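Structure first, commentary second.
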Amino acid sequence: NYFTTLDLSYNEITELQKNQFEQITSIEKIDLSHNMIELIDDDAFLIKNERVELTIDLSFNQIKIFNREWFLKSRFDQGINVNFSFNKISEIICHENIEQDFLKHLDLSHNQILKSEIFYECMIRMTNLETLDLSFNNNLGTEPHLKLETFAELRKLQKLSLAGNNFSSIPFGLLSFKKNLVYLDLSSNNLHISESSLSSLTTLRNLNQLDLSFNSYDEYFPYTVVRSIPSLKELG
């Protein structure tokens with residue numbers, strides 16, 4: 001049968017087994033949200049379709065580990081989009097140094113991700129990411145600060161959310177080479193917004209959406225600096 005969407009949400013599924021979706025070669029979207037998934041076999045997503053993007057929704061489960069290798073054997077030349085929001089992920093794993101990585105959009109928001117050497121190693125390897133959501137995690141903005149090279153290799157990154165992570169200063173070192181960044185969410189942190197703290201963002205020449213809401217600032221918001229961000233169209 002030829003179908004493009006498989007909805008298995010709200011089914012109390014606890015485990016994804018080997019080759020579970022291998023025969024569904026026409027698939028474009030798999031919804032596994034709102035289950036009780038804890039275990040995922042390394043070959044669970046052994047699917048190939050070079051003509052379309054694959055979207056997988058694994059939000060609202062019980063997953064504790066994100067393993068990059070789950071998606072390395074899938075071949076989707078147009079990219080793979082994965083939503084892992086609202087799980088219990090604290091650890092990111094990537095064992096193999098494989099050049100081709102099809103992950104395009106990755107949502108890891110509302111988890112408990114810890115800063116570790118493996119976390120940094122995995123970030124460096126996910127070179128095809130265009131969207132990365134790390135909002136509301138395990139205080140990624142607290143000391144020790146994220147390493148400056150955390151996002152250095154994500155040269156295609158266009159959208160980044162670091163909301164709700166207790167950043168006390170704008171992590172310019174993390175963003176300095178993000179020439180393609182068009183969307184940046186730094187809302188709900190502990191930032192003190194001032195002319196000096198915002199001036200570093202003026203180098204993000206393609207940035208058109210910036211969210212700084214639910215932070216603090218002096219009596220007057222520094223709109224003069226914000227206007228110096230060349231492509232900015234929307235400020236939150």
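Just remember, in the structure tokens the first chain shown is A, the second B, etc., residues are 1-based per chain, and ligands are 1-based in the order shown.
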Find the residues of stretch 63-102 of chain A that sit at most 12 Å from stretch 25-36 of chain A; for each, write down the nearest two atoms and how far apart they are in Å, to one decimal. Count only C-alpha atoms. Sort by chain, then by number going up, and give it as JSON lines.
```
{"residue": "A:Ile63", "atom": "CA", "partner": "A:Met36", "partner_atom": "CA", "distance": 8.2}
{"residue": "A:Lys64", "atom": "CA", "partner": "A:Met36", "partner_atom": "CA", "distance": 11.5}
{"residue": "A:Ser74", "atom": "CA", "partner": "A:Thr25", "partner_atom": "CA", "distance": 10.9}
{"residue": "A:Arg75", "atom": "CA", "partner": "A:Thr25", "partner_atom": "CA", "distance": 10.8}
{"residue": "A:Phe76", "atom": "CA", "partner": "A:Glu28", "partner_atom": "CA", "distance": 9.7}
{"residue": "A:Gln78", "atom": "CA", "partner": "A:Glu28", "partner_atom": "CA", "distance": 10.8}
{"residue": "A:Gly79", "atom": "CA", "partner": "A:Glu28", "partner_atom": "CA", "distance": 10.6}
{"residue": "A:Ile80", "atom": "CA", "partner": "A:Glu28", "partner_atom": "CA", "distance": 9.4}
{"residue": "A:Asn81", "atom": "CA", "partner": "A:Lys29", "partner_atom": "CA", "distance": 9.3}
{"residue": "A:Val82", "atom": "CA", "partner": "A:Ile30", "partner_atom": "CA", "distance": 9.7}
{"residue": "A:Asn83", "atom": "CA", "partner": "A:Ser33", "partner_atom": "CA", "distance": 8.8}
{"residue": "A:Phe84", "atom": "CA", "partner": "A:Ser33", "partner_atom": "CA", "distance": 8.9}
{"residue": "A:Ser85", "atom": "CA", "partner": "A:Ser33", "partner_atom": "CA", "distance": 9.5}
{"residue": "A:Phe86", "atom": "CA", "partner": "A:His34", "partner_atom": "CA", "distance": 9.5}
{"residue": "A:Asn87", "atom": "CA", "partner": "A:Met36", "partner_atom": "CA", "distance": 9.8}
{"residue": "A:Lys88", "atom": "CA", "partner": "A:Met36", "partner_atom": "CA", "distance": 11.3}
```
Name the residues in contact with A:Ser116 at a cut-off of 12 Å, using only C-alpha atoms, excluding same-chain residues fewer than 4 positions from it; report them as a PDB file with N, CA, C and O atoms, in the first residue's frame.
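Produced file result_26.pdb, reproduced below:
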```pdb
ATOM      1  N   SER A  90      18.683  13.236  28.834  1.00  0.00           N
ATOM      2  CA  SER A  90      19.789  13.904  29.516  1.00  0.00           C
ATOM      3  C   SER A  90      21.108  13.667  28.795  1.00  0.00           C
ATOM      4  O   SER A  90      22.059  14.415  28.981  1.00  0.00           O
ATOM      5  N   GLU A  91      21.137  12.651  27.947  1.00  0.00           N
ATOM      6  CA  GLU A  91      22.395  12.268  27.305  1.00  0.00           C
ATOM      7  C   GLU A  91      22.239  12.185  25.795  1.00  0.00           C
ATOM      8  O   GLU A  91      21.229  11.706  25.288  1.00  0.00           O
ATOM      9  N   ILE A  92      23.234  12.671  25.080  1.00  0.00           N
ATOM     10  CA  ILE A  92      23.286  12.578  23.623  1.00  0.00           C
ATOM     11  C   ILE A  92      24.447  11.678  23.247  1.00  0.00           C
ATOM     12  O   ILE A  92      25.554  11.838  23.757  1.00  0.00           O
ATOM     13  N   ILE A  93      24.185  10.727  22.346  1.00  0.00           N
ATOM     14  CA  ILE A  93      25.209   9.754  21.962  1.00  0.00           C
ATOM     15  C   ILE A  93      25.465   9.830  20.463  1.00  0.00           C
ATOM     16  O   ILE A  93      24.533   9.952  19.665  1.00  0.00           O
ATOM     17  N   TYR A 120      29.125  17.892  23.202  1.00  0.00           N
ATOM     18  CA  TYR A 120      29.864  18.771  22.297  1.00  0.00           C
ATOM     19  C   TYR A 120      30.268  18.040  21.019  1.00  0.00           C
ATOM     20  O   TYR A 120      30.194  18.582  19.917  1.00  0.00           O
ATOM     21  N   GLU A 121      30.683  16.794  21.168  1.00  0.00           N
ATOM     22  CA  GLU A 121      31.115  15.996  20.008  1.00  0.00           C
ATOM     23  C   GLU A 121      29.968  15.811  19.030  1.00  0.00           C
ATOM     24  O   GLU A 121      30.140  15.905  17.810  1.00  0.00           O
ATOM     25  N   CYS A 122      28.788  15.560  19.551  1.00  0.00           N
ATOM     26  CA  CYS A 122      27.622  15.337  18.692  1.00  0.00           C
ATOM     27  C   CYS A 122      27.191  16.623  17.989  1.00  0.00           C
ATOM     28  O   CYS A 122      26.814  16.599  16.820  1.00  0.00           O
ATOM     29  N   MET A 123      27.234  17.737  18.700  1.00  0.00           N
ATOM     30  CA  MET A 123      26.875  19.014  18.095  1.00  0.00           C
ATOM     31  C   MET A 123      27.767  19.315  16.886  1.00  0.00           C
ATOM     32  O   MET A 123      27.308  19.766  15.840  1.00  0.00           O
ATOM     33  N   ASN A 138      18.363  21.605  30.680  1.00  0.00           N
ATOM     34  CA  ASN A 138      18.905  21.504  32.024  1.00  0.00           C
ATOM     35  C   ASN A 138      19.901  22.630  32.300  1.00  0.00           C
ATOM     36  O   ASN A 138      21.067  22.390  32.578  1.00  0.00           O
ATOM     37  N   LEU A 140      21.364  24.966  30.380  1.00  0.00           N
ATOM     38  CA  LEU A 140      22.524  24.997  29.485  1.00  0.00           C
ATOM     39  C   LEU A 140      23.283  26.316  29.565  1.00  0.00           C
ATOM     40  O   LEU A 140      24.446  26.393  29.177  1.00  0.00           O
ATOM     41  N   PRO A 144      29.535  25.565  34.160  1.00  0.00           N
ATOM     42  CA  PRO A 144      30.475  26.129  33.178  1.00  0.00           C
ATOM     43  C   PRO A 144      29.766  26.438  31.859  1.00  0.00           C
ATOM     44  O   PRO A 144      28.906  25.682  31.425  1.00  0.00           O
ATOM     45  N   HIS A 145      30.113  27.560  31.243  1.00  0.00           N
ATOM     46  CA  HIS A 145      29.429  28.011  30.044  1.00  0.00           C
ATOM     47  C   HIS A 145      29.657  27.045  28.885  1.00  0.00           C
ATOM     48  O   HIS A 145      30.653  26.317  28.841  1.00  0.00           O
ATOM     49  N   LEU A 146      28.710  27.055  27.955  1.00  0.00           N
ATOM     50  CA  LEU A 146      28.867  26.253  26.745  1.00  0.00           C
ATOM     51  C   LEU A 146      30.171  26.617  26.039  1.00  0.00           C
ATOM     52  O   LEU A 146      30.534  27.790  25.957  1.00  0.00           O
ATOM     53  N   LYS A 147      30.847  25.629  25.522  1.00  0.00           N
ATOM     54  CA  LYS A 147      32.101  25.883  24.812  1.00  0.00           C
ATOM     55  C   LYS A 147      31.835  26.715  23.555  1.00  0.00           C
ATOM     56  O   LYS A 147      30.809  26.554  22.895  1.00  0.00           O
ATOM     57  N   THR A 150      30.737  24.980  20.319  1.00  0.00           N
ATOM     58  CA  THR A 150      29.546  24.113  20.352  1.00  0.00           C
ATOM     59  C   THR A 150      28.813  24.089  19.013  1.00  0.00           C
ATOM     60  O   THR A 150      28.443  23.035  18.512  1.00  0.00           O
TER      61      THR A 150
END
```
Exercise. List the neighbours of A:Ile89 out to 7 Å using only C-alpha atoms; skip same-chain residues closer than 3 positions along the sequence, and give me the result as a list of chain:residue names.
Key: A:Ile63, A:Lys64, A:Ile65, A:Phe66, A:Asn111, A:Gln112, A:Ile113
Next, dump the selected residues to file, keeping only N, CA, C and O atoms, as a compact mmCIF listing (two decimals), in the first residue's frame.
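Wrote it out as selection.txt, contents follow:
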```txt
# COMPACT_ATOMS: atom_id res chain seq x y z
N ILE A 63 11.72 8.92 26.61
CA ILE A 63 13.06 8.68 26.08
C ILE A 63 14.10 9.42 26.92
O ILE A 63 13.95 10.61 27.21
N LYS A 64 15.17 8.71 27.29
CA LYS A 64 16.20 9.29 28.16
C LYS A 64 17.52 9.55 27.44
O LYS A 64 18.36 10.29 27.94
N ILE A 65 17.69 8.93 26.27
CA ILE A 65 18.93 9.08 25.51
C ILE A 65 18.59 9.42 24.06
O ILE A 65 17.70 8.80 23.47
N PHE A 66 19.28 10.41 23.50
CA PHE A 66 19.17 10.68 22.07
C PHE A 66 20.40 10.11 21.38
O PHE A 66 21.53 10.49 21.70
N ASN A 111 13.77 19.11 27.73
CA ASN A 111 14.41 17.89 28.21
C ASN A 111 15.35 18.24 29.35
O ASN A 111 15.18 19.28 30.00
N GLN A 112 16.32 17.39 29.60
CA GLN A 112 17.24 17.59 30.73
C GLN A 112 18.68 17.39 30.28
O GLN A 112 19.49 16.78 30.96
N ILE A 113 19.00 17.92 29.10
CA ILE A 113 20.30 17.66 28.48
C ILE A 113 21.43 18.23 29.34
O ILE A 113 21.39 19.38 29.78
```
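Rounded to one decimal, atom CA of A:Leu103 and atom CA of A:Ile229 lie 29.4 Å from each other.
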Self-check item: Distance query A:Ser231 at most 8 Å, only C-alpha atoms, self and fewer than 3 positions along chain excluded, as a PyMOL selection string
Solution: chain A and resi 205-208
Exercise. Going by DSSP on the backbone, which bits of stretch 42-231 of chain A are strand (DSSP E)? Write them as a ChimeraX atom specification, please.
Key: /A:54-57,65-67,80-83,91-93,103-107,131-133,159-161,183-185,192-193,209-211,216-217
Exercise. Would you mind listing what lies within 8 Å of A:Asn139 as a ChimeraX atom specification, with only C-alpha atoms counted and same-chain residues fewer than 5 positions away left out?
Key: /A:164-167
Exercise. Take atom CA of A:Trp70 and atom CA of A:Phe45 and report the distance between them in Å, one decimal.
Key: 6.5 Å
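From atom CA of A:Ser188 back to atom CA of A:Leu212, the distance works out to 7.6 Å.
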Quiz prompt | Exercise: stretch 179-187 of chain A partners within 8 Å, only C-alpha atoms, chain neighbours under 3 positions left out, as a ChimeraX atom specification | solution = /A:155-164,176,204-215
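Counting only C-alpha atoms, the residue from A:Leu54, A:Asn19, A:Ile47, A:Phe119 that sits nearest to A:Thr4 is A:Leu54.
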Among stretch 18-216 of chain A, which residues carry a DSSP assignment of helix (DSSP H, G or I), reported as a PDB file with C-alpha atoms, in the first residue's frame?
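Output file selection16.pdb follows:
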```
ATOM      1  CA  ARG A  68      22.339  10.209  16.491  1.00  0.00           C
ATOM      2  CA  GLU A  69      22.985   6.777  14.990  1.00  0.00           C
ATOM      3  CA  TRP A  70      19.241   6.037  14.912  1.00  0.00           C
ATOM      4  CA  PHE A  71      19.027   8.166  11.764  1.00  0.00           C
ATOM      5  CA  GLU A 117      32.138  16.002  26.089  1.00  0.00           C
ATOM      6  CA  ILE A 118      29.830  13.676  24.139  1.00  0.00           C
ATOM      7  CA  PHE A 119      27.257  16.472  23.854  1.00  0.00           C
ATOM      8  CA  TYR A 120      29.864  18.771  22.297  1.00  0.00           C
ATOM      9  CA  GLU A 121      31.115  15.996  20.008  1.00  0.00           C
ATOM     10  CA  CYS A 122      27.622  15.337  18.692  1.00  0.00           C
ATOM     11  CA  MET A 123      26.875  19.014  18.095  1.00  0.00           C
ATOM     12  CA  ILE A 124      30.009  19.310  15.960  1.00  0.00           C
ATOM     13  CA  ARG A 125      29.006  16.327  13.810  1.00  0.00           C
ATOM     14  CA  PHE A 172      28.026  35.834  21.255  1.00  0.00           C
ATOM     15  CA  GLY A 173      31.012  33.509  20.986  1.00  0.00           C
ATOM     16  CA  LEU A 174      28.602  30.697  20.138  1.00  0.00           C
ATOM     17  CA  LEU A 175      26.957  32.749  17.399  1.00  0.00           C
ATOM     18  CA  GLU A 195      23.379  48.466  24.468  1.00  0.00           C
ATOM     19  CA  SER A 196      26.650  46.690  25.190  1.00  0.00           C
ATOM     20  CA  SER A 197      25.073  43.235  25.424  1.00  0.00           C
ATOM     21  CA  LEU A 198      23.135  43.662  22.173  1.00  0.00           C
ATOM     22  CA  SER A 199      25.915  45.245  20.139  1.00  0.00           C
ATOM     23  CA  SER A 200      27.448  41.838  19.411  1.00  0.00           C
ATOM     24  CA  LEU A 201      24.286  40.778  17.569  1.00  0.00           C
ATOM     25  CA  THR A 202      24.742  43.425  14.889  1.00  0.00           C
ATOM     26  CA  THR A 203      27.164  41.096  13.106  1.00  0.00           C
TER      27      THR A 203
END
```
Self-check item: A:Ile37 environment, 9 Å, only C-alpha atoms, sequence neighbours closer than 4 positions dropped, as a list in words
Solution: Glu12, Ile13, Thr14, Glu15, Leu16, Leu32, Ser33, Leu58, Phe60, Asn61, Gln62 and Ile63 of chain A
Write out the residues from the selection above, keeping all heavy atoms, as an mmCIF file, in the first residue's frame.
```
data_model
loop_
_atom_site.group_PDB
_atom_site.id
_atom_site.type_symbol
_atom_site.label_atom_id
_atom_site.label_comp_id
_atom_site.auth_asym_id
_atom_site.auth_seq_id
_atom_site.Cartn_x
_atom_site.Cartn_y
_atom_site.Cartn_z
ATOM 1 N N GLU A 12 0.267 3.952 23.803
ATOM 2 C CA GLU A 12 0.985 3.299 24.900
ATOM 3 C C GLU A 12 2.122 2.406 24.401
ATOM 4 O O GLU A 12 2.457 1.392 25.009
ATOM 5 C CB GLU A 12 0.021 2.494 25.781
ATOM 6 C CG GLU A 12 -1.037 3.356 26.437
ATOM 7 C CD GLU A 12 -1.904 2.599 27.420
ATOM 8 O OE1 GLU A 12 -1.681 1.380 27.601
ATOM 9 O OE2 GLU A 12 -2.800 3.221 28.011
ATOM 10 N N ILE A 13 2.727 2.772 23.282
ATOM 11 C CA ILE A 13 3.892 2.053 22.754
ATOM 12 C C ILE A 13 5.072 2.314 23.687
ATOM 13 O O ILE A 13 5.320 3.446 24.091
ATOM 14 C CB ILE A 13 4.230 2.524 21.325
ATOM 15 C CG1 ILE A 13 3.046 2.241 20.387
ATOM 16 C CG2 ILE A 13 5.498 1.850 20.807
ATOM 17 C CD1 ILE A 13 3.185 2.909 19.035
ATOM 18 N N THR A 14 5.808 1.254 24.024
ATOM 19 C CA THR A 14 6.940 1.388 24.950
ATOM 20 C C THR A 14 8.293 1.184 24.273
ATOM 21 O O THR A 14 9.326 1.559 24.826
ATOM 22 C CB THR A 14 6.818 0.383 26.106
ATOM 23 O OG1 THR A 14 6.800 -0.952 25.570
ATOM 24 C CG2 THR A 14 5.545 0.635 26.909
ATOM 25 N N GLU A 15 8.303 0.588 23.066
ATOM 26 C CA GLU A 15 9.577 0.228 22.433
ATOM 27 C C GLU A 15 9.446 0.252 20.915
ATOM 28 O O GLU A 15 8.403 -0.113 20.357
ATOM 29 C CB GLU A 15 9.994 -1.171 22.887
ATOM 30 C CG GLU A 15 11.307 -1.660 22.327
ATOM 31 C CD GLU A 15 11.659 -3.052 22.833
ATOM 32 O OE1 GLU A 15 10.879 -3.620 23.638
ATOM 33 O OE2 GLU A 15 12.714 -3.571 22.429
ATOM 34 N N LEU A 16 10.495 0.691 20.238
ATOM 35 C CA LEU A 16 10.562 0.623 18.777
ATOM 36 C C LEU A 16 11.608 -0.416 18.403
ATOM 37 O O LEU A 16 12.777 -0.282 18.760
ATOM 38 C CB LEU A 16 10.930 1.988 18.193
ATOM 39 C CG LEU A 16 9.947 3.126 18.474
ATOM 40 C CD1 LEU A 16 10.442 4.407 17.827
ATOM 41 C CD2 LEU A 16 8.543 2.790 17.982
ATOM 42 N N LEU A 32 4.688 9.402 16.427
ATOM 43 C CA LEU A 32 4.784 8.485 17.567
ATOM 44 C C LEU A 32 4.658 9.248 18.884
ATOM 45 O O LEU A 32 5.069 8.753 19.937
ATOM 46 C CB LEU A 32 6.124 7.741 17.526
ATOM 47 C CG LEU A 32 6.285 6.734 16.380
ATOM 48 C CD1 LEU A 32 7.758 6.482 16.088
ATOM 49 C CD2 LEU A 32 5.583 5.424 16.729
ATOM 50 N N SER A 33 4.096 10.423 18.821
ATOM 51 C CA SER A 33 4.006 11.270 20.006
ATOM 52 C C SER A 33 3.003 10.709 21.023
ATOM 53 O O SER A 33 2.148 9.888 20.696
ATOM 54 C CB SER A 33 3.594 12.693 19.607
ATOM 55 O OG SER A 33 2.281 12.694 19.054
ATOM 56 N N LEU A 58 8.445 12.296 17.976
ATOM 57 C CA LEU A 58 8.616 11.438 19.152
ATOM 58 C C LEU A 58 8.415 12.239 20.433
ATOM 59 O O LEU A 58 8.902 11.851 21.502
ATOM 60 C CB LEU A 58 10.013 10.811 19.138
ATOM 61 C CG LEU A 58 10.197 9.628 18.176
ATOM 62 C CD1 LEU A 58 11.662 9.439 17.820
ATOM 63 C CD2 LEU A 58 9.642 8.350 18.789
ATOM 64 N N PHE A 60 6.696 13.932 23.780
ATOM 65 C CA PHE A 60 5.870 13.424 24.879
ATOM 66 C C PHE A 60 5.988 11.906 25.027
ATOM 67 O O PHE A 60 4.992 11.179 24.974
ATOM 68 C CB PHE A 60 4.410 13.842 24.694
ATOM 69 C CG PHE A 60 4.186 15.324 24.802
ATOM 70 C CD1 PHE A 60 4.169 16.110 23.661
ATOM 71 C CD2 PHE A 60 4.028 15.936 26.039
ATOM 72 C CE1 PHE A 60 3.989 17.489 23.746
ATOM 73 C CE2 PHE A 60 3.848 17.316 26.129
ATOM 74 C CZ PHE A 60 3.824 18.092 24.986
ATOM 75 N N ASN A 61 7.223 11.442 25.190
ATOM 76 C CA ASN A 61 7.476 10.040 25.505
ATOM 77 C C ASN A 61 8.357 9.969 26.746
ATOM 78 O O ASN A 61 8.444 10.925 27.512
ATOM 79 C CB ASN A 61 8.112 9.338 24.299
ATOM 80 C CG ASN A 61 7.084 8.876 23.281
ATOM 81 O OD1 ASN A 61 6.378 7.903 23.487
ATOM 82 N ND2 ASN A 61 6.986 9.606 22.171
ATOM 83 N N GLN A 62 9.010 8.826 26.944
ATOM 84 C CA GLN A 62 9.843 8.618 28.126
ATOM 85 C C GLN A 62 11.305 8.384 27.750
ATOM 86 O O GLN A 62 12.057 7.732 28.476
ATOM 87 C CB GLN A 62 9.317 7.403 28.910
ATOM 88 C CG GLN A 62 7.869 7.491 29.350
ATOM 89 C CD GLN A 62 7.648 8.611 30.349
ATOM 90 O OE1 GLN A 62 8.408 8.758 31.299
ATOM 91 N NE2 GLN A 62 6.609 9.404 30.141
ATOM 92 N N ILE A 63 11.719 8.917 26.608
ATOM 93 C CA ILE A 63 13.062 8.679 26.076
ATOM 94 C C ILE A 63 14.101 9.421 26.921
ATOM 95 O O ILE A 63 13.949 10.606 27.212
ATOM 96 C CB ILE A 63 13.138 9.133 24.606
ATOM 97 C CG1 ILE A 63 12.105 8.370 23.776
ATOM 98 C CG2 ILE A 63 14.534 8.925 24.043
ATOM 99 C CD1 ILE A 63 11.845 8.975 22.418
#
```
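Distance annotation: of A:Gln20, A:Asp218, A:Ser59, A:Asn128, the residue with the minimal separation from A:Asp41 is A:Gln20; atom set is only C-alpha atoms.
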